[in-house]
Amino acid sequence: QVQLVESGGGVEQPGGSLKLSCAVSGIRNKYAVGWYRQTPGKQRELVATISDFGRTNYADFVKGRFTISRDSAKNTVFLQMNNLKLEDTGVYYCNTQQGRNDYWGQGTQVTVSS
């Protein structure tokens, strides 16, 4: 079955960096992946996406700070987060869609605190 497993979250100071990983298994076809986040008091929101051929898209609030990339050989998608801000605190999830099915990982906590 399809599985997505996030890792790499943690506690960082404002201005710091973290790199999240999303390991994908159980998919044979090419696939796009999105990173989402759930921040306190807000609904889950899209952070960045990467298509099966590498085209990327970012939410305005992370442009210039976050970079999404993929290692197709390892079926892993990354989210490099630089210049972290307090408001980046939240649970980060990766997602992929296969036909009508929507798959999510369990999430990884990112806490930005001084």
# chains A, B, ... in the order shown; residues from 1 in each chain; ligands from 1

call {"tool": "residues_around", "arguments": {"residues": "stretch 104-112 of chain A", "least_positions_apart": "6", "cutoff": "10 Å", "atoms": "only C-alpha atoms", "output": "number ranges by chain"}}
result
A: 2-18, 20-24, 33-39, 84-97

call {"tool": "select_by_dssp", "arguments": {"residues": "stretch 72-114 of chain A", "states": "strand (DSSP E)", "output": "number ranges by chain"}}
result
A: 76-81, 90-98, 101-104, 108-112

call {"tool": "atom_distance", "arguments": {"atom1": "atom CA of A:Ser51", "atom2": "atom CA of A:Asp71"}}
result
12.2 Å

call {"tool": "atom_distance", "arguments": {"atom1": "atom CA of A:Arg65", "atom2": "atom CA of A:Gln98"}}
result
28.9 Å

call {"tool": "closest_residue", "arguments": {"among": "A:Ser69, A:Asn82, A:Asn57, A:Asn75", "to": "A:Tyr31", "atoms": "only C-alpha atoms"}}
result
A:Asn75
